[in-house]
Amino acid sequence: MRIPRSSLPAFSLCFAALLAGSGCRQANDNANTTATTTATPPGAQSLTVVPRPQKVIDAMKARGEQDNAKPTVKIAMPAKNAIINGSTVEVKLELSGDLKGYLPHKDPATGKGNHIHVILDNQPYEAYYEINQPFELRNVTEGKHTLRVFASRPWHESYKNDGNFQMAQFTVKGGGDAAKPTTTKDGQTMANPAKSPAAKAEPSKSATATASATPAREGKDYAPSKGGDVDPTKPLLTYSRPKGEYKGEDADPIMIDFWLSNAKLQGDGGQYRVRYSIDGGDAKFLDKWEPIWLSGWINGKHTVKLELVDKDGNPVDNGGYNSTTRDITVTR
């Protein structure tokens with residue numbers, strides 16, 4: 001069809017208007033979709049157990065025989081039932097056993113590596129990488145405390161062989177004040193447990209110079225914590241993972257792992273179960289002592305609860321440690 005030359009301007013205007021209308025309609029469709037998505041609450045979280053992640057499988061292969069190691073960890077300090085004067089508790093560990101090349105150490109490039117999980121009372125663990133260097137529990141409050149340790153892999157999965165767990169109870173006198181940290185901003189110790197309270201005074205210039213020349217020790221400041229009456233001969237569940245913040249590819253799946261003492265789960269020929277729940281949801285059960293990976297996490301803060309229960313589903317008490325809840329954060 002030929003369009004008269006005199007009609008071209010009008011046709012062009014109409015065609016432009018048609019395109020503009022189509023563009024506006026498309027933009028409005030997107031806007032409506034965006035508005036609906038924004039107004040609609042996030043989908044309900046649906047977690048499923050998935051196989052061990054491929055990146056973990058690849059890491060296991062790269063480590064050679066290390067994952068078949070049977071490390072034995074011993075607490076050399078503090079001694080069992082020791083009495084510590086002061087708020088800083090020095091920790092010394094001894095590692096032996098069939099190690100197959102296993103050695104705690106942090107890779108400076110990746111920030112990861114083999115390490116020991118050090119747990120004071122029932123607080124989240126602290127990773128201890130260089131066991132040939134001193135490690136300190138700082139600002140420990142007065143009273144009875146419990147220390148638990150076990151060897152772990154770079155992705156925080158614990159070794160579960162006999163000997164890879166030790167617990168020591170000790171008592172602190174003249175402990176730390178939660179309102180007054182006992183370390184400097186550089187992590188240097190201000191209160192030496194082996195010295196009198198006078199050691200807490202302002203350090204001299206020479207002492208400061210000496211401290212600045214001394215490498216910072218691995219360690220952690222602790223909030224007030226009470227050990228509870230833990231019986232080392234009774235069934236004990238030690239919560240390990242998950243912990244802290246999970247970002248990017250580490251945010252899904254997330255591993256649940258724990259250490260079990262003086263008890264066997266039903267799938268391993270025993271009578272106990274580990275009950276877990278996420279965000280207060282339906283309880284689920286673990287019947288074998290091995291880690292699981294959960295996929296399907298949504299962004300935000302979550303609570304994870306682990307409990308040791310008997311064959312009838314009743315909680316097994318041991319100083320309050322067999323039921324532990326941790327907060328974690330997922331950010332993608």
# chains A, B, ... in the order shown; residues from 1 in each chain; ligands from 1
call {"tool": "residues_around", "arguments": {"residues": "segment 81-96 of chain A", "least_positions_apart": "4", "cutoff": "6 Å", "atoms": "only C-alpha atoms", "output": "list in words"}}
result
Pro71, Thr72, Val73, Lys74, Ile75, Ala76, Met77, Phe135, Glu136, Leu137, Arg138, Asn139, Val140, Gln169, Phe170, Thr171, Val172, Lys173, Gly174, Gly175, Gly176 and Pro193 of chain A
call {"tool": "residues_around", "arguments": {"residues": "segment 47-59 of chain A", "least_positions_apart": "2", "cutoff": "6 Å", "atoms": "only C-alpha atoms", "output": "MDAnalysis selection string"}}
result
chainID A and resid 61:62 293:296
call {"tool": "atom_distance", "arguments": {"atom1": "atom CA of Pro235 of chain A", "atom2": "atom CA of Asn68 of chain A"}}
result
25.6 Å
call {"tool": "closest_residue", "arguments": {"among": "A:Arg217, A:Lys247, A:Lys80, A:Arg63", "to": "Met167 of chain A", "atoms": "only C-alpha atoms"}}
result
A:Lys80
call {"tool": "atom_distance", "arguments": {"atom1": "atom CA of Ile292 of chain A", "atom2": "atom CA of Asp257 of chain A"}}
result
7.0 Å
call {"tool": "atom_distance", "arguments": {"atom1": "atom CA of His117 of chain A", "atom2": "atom CA of Thr324 of chain A"}}
result
16.4 Å
call {"tool": "closest_residue", "arguments": {"among": "A:Tyr239, A:Tyr246, A:Trp289, A:Tyr125", "to": "Gly270 of chain A", "atoms": "only C-alpha atoms"}}
result
A:Trp289
call {"tool": "select_by_dssp", "arguments": {"residues": "segment 80-129 of chain A", "states": "strand (DSSP E)", "output": "ChimeraX atom specification"}}
result
/A:82-85,89-98,115-120,126-128
call {"tool": "closest_residue", "arguments": {"among": "A:Gly97, A:Pro224, A:Gly248, A:Pro108", "to": "Lys144 of chain A", "atoms": "only C-alpha atoms"}}
result
A:Pro224
call {"tool": "closest_residue", "arguments": {"among": "A:Glu126, A:Asp312, A:Glu249, A:Asp287", "to": "Gln266 of chain A", "atoms": "only C-alpha atoms"}}
result
A:Asp287
call {"tool": "residues_around", "arguments": {"residues": "Asn114 of chain A", "least_positions_apart": "4", "cutoff": "10 Å", "atoms": "only C-alpha atoms", "output": "number ranges by chain"}}
result
A: 66, 102-107, 127-130, 151-157
call {"tool": "decode", "arguments": {"residues": "segment 64-80 of chain A", "atoms": "all heavy atoms", "output": "compact mmCIF listing (two decimals), in the first residue's frame"}}
result
# COMPACT_ATOMS: atom_id res chain seq x y z
N GLY A 64 44.94 -35.88 50.17
CA GLY A 64 45.55 -37.19 50.25
C GLY A 64 44.98 -38.03 51.39
O GLY A 64 43.77 -38.19 51.51
N GLU A 65 45.88 -38.54 52.25
CA GLU A 65 45.47 -39.44 53.31
C GLU A 65 45.00 -38.74 54.58
O GLU A 65 44.61 -39.39 55.55
CB GLU A 65 46.63 -40.38 53.66
CG GLU A 65 46.96 -41.38 52.58
CD GLU A 65 45.82 -42.37 52.37
OE1 GLU A 65 45.31 -42.91 53.36
OE2 GLU A 65 45.43 -42.57 51.20
N GLN A 66 45.03 -37.41 54.60
CA GLN A 66 44.74 -36.69 55.84
C GLN A 66 43.35 -36.99 56.40
O GLN A 66 43.16 -37.00 57.62
CB GLN A 66 44.88 -35.18 55.62
CG GLN A 66 46.31 -34.71 55.48
CD GLN A 66 46.40 -33.21 55.45
OE1 GLN A 66 45.91 -32.52 56.34
NE2 GLN A 66 47.02 -32.67 54.42
N ASP A 67 42.38 -37.21 55.52
CA ASP A 67 41.03 -37.44 56.03
C ASP A 67 40.87 -38.81 56.66
O ASP A 67 39.86 -39.08 57.30
CB ASP A 67 40.00 -37.25 54.91
CG ASP A 67 39.75 -35.78 54.61
OD1 ASP A 67 39.54 -35.02 55.56
OD2 ASP A 67 39.81 -35.39 53.44
N ASN A 68 41.86 -39.68 56.49
CA ASN A 68 41.86 -40.97 57.17
C ASN A 68 42.71 -40.95 58.43
O ASN A 68 42.95 -41.99 59.04
CB ASN A 68 42.38 -42.05 56.22
CG ASN A 68 41.48 -42.23 55.01
OD1 ASN A 68 40.26 -42.20 55.14
ND2 ASN A 68 42.08 -42.42 53.84
N ALA A 69 43.17 -39.76 58.81
CA ALA A 69 43.98 -39.64 60.03
C ALA A 69 43.16 -39.95 61.27
O ALA A 69 41.93 -39.89 61.25
CB ALA A 69 44.56 -38.23 60.12
N LYS A 70 43.86 -40.29 62.34
CA LYS A 70 43.22 -40.52 63.64
C LYS A 70 43.98 -39.69 64.69
O LYS A 70 44.74 -40.23 65.48
CB LYS A 70 43.24 -42.01 63.99
CG LYS A 70 42.46 -42.87 63.00
CD LYS A 70 42.39 -44.31 63.44
CE LYS A 70 41.71 -45.19 62.40
NZ LYS A 70 40.38 -44.72 62.02
N PRO A 71 43.74 -38.38 64.68
CA PRO A 71 44.48 -37.52 65.60
C PRO A 71 44.05 -37.73 67.05
O PRO A 71 42.89 -38.00 67.34
CB PRO A 71 44.12 -36.10 65.12
CG PRO A 71 42.81 -36.27 64.42
CD PRO A 71 42.82 -37.63 63.82
N THR A 72 45.03 -37.60 67.93
CA THR A 72 44.77 -37.66 69.36
C THR A 72 45.15 -36.30 69.95
O THR A 72 46.28 -35.84 69.77
CB THR A 72 45.61 -38.76 70.04
OG1 THR A 72 45.22 -40.03 69.50
CG2 THR A 72 45.39 -38.76 71.54
N VAL A 73 44.21 -35.68 70.62
CA VAL A 73 44.43 -34.36 71.20
C VAL A 73 44.44 -34.48 72.72
O VAL A 73 43.55 -35.11 73.30
CB VAL A 73 43.34 -33.36 70.76
CG1 VAL A 73 43.62 -31.97 71.34
CG2 VAL A 73 43.27 -33.27 69.24
N LYS A 74 45.44 -33.87 73.34
CA LYS A 74 45.54 -33.88 74.80
C LYS A 74 45.68 -32.45 75.30
O LYS A 74 46.41 -31.65 74.73
CB LYS A 74 46.75 -34.71 75.24
CG LYS A 74 46.95 -34.74 76.75
CD LYS A 74 48.19 -35.54 77.13
CE LYS A 74 48.41 -35.52 78.64
NZ LYS A 74 49.64 -36.27 79.03
N ILE A 75 44.96 -32.13 76.37
CA ILE A 75 45.07 -30.82 77.00
C ILE A 75 46.21 -30.88 78.02
O ILE A 75 46.09 -31.55 79.05
CB ILE A 75 43.75 -30.41 77.70
CG1 ILE A 75 42.61 -30.35 76.68
CG2 ILE A 75 43.91 -29.06 78.40
CD1 ILE A 75 41.25 -30.08 77.31
N ALA A 76 47.31 -30.20 77.72
CA ALA A 76 48.43 -30.15 78.66
C ALA A 76 48.22 -29.05 79.70
O ALA A 76 48.60 -29.20 80.87
CB ALA A 76 49.74 -29.91 77.91
N MET A 77 47.61 -27.95 79.29
CA MET A 77 47.24 -26.84 80.18
C MET A 77 45.92 -26.27 79.70
O MET A 77 45.70 -26.15 78.50
CB MET A 77 48.31 -25.73 80.17
CG MET A 77 49.62 -26.08 80.83
SD MET A 77 50.80 -24.68 80.76
CE MET A 77 49.90 -23.43 81.69
N PRO A 78 45.01 -25.98 80.64
CA PRO A 78 45.13 -26.16 82.08
C PRO A 78 44.94 -27.62 82.47
O PRO A 78 44.23 -28.36 81.80
CB PRO A 78 43.97 -25.30 82.62
CG PRO A 78 42.94 -25.36 81.53
CD PRO A 78 43.71 -25.37 80.25
N ALA A 79 45.59 -28.00 83.56
CA ALA A 79 45.44 -29.36 84.06
C ALA A 79 44.03 -29.56 84.60
O ALA A 79 43.34 -28.61 84.98
CB ALA A 79 46.46 -29.62 85.16
N LYS A 80 43.59 -30.81 84.60
CA LYS A 80 42.26 -31.11 85.14
C LYS A 80 42.19 -30.70 86.61
O LYS A 80 43.09 -30.96 87.39
CB LYS A 80 41.95 -32.60 84.99
CG LYS A 80 41.76 -33.03 83.54
CD LYS A 80 41.38 -34.49 83.44
CE LYS A 80 41.17 -34.90 81.98
NZ LYS A 80 40.79 -36.33 81.83
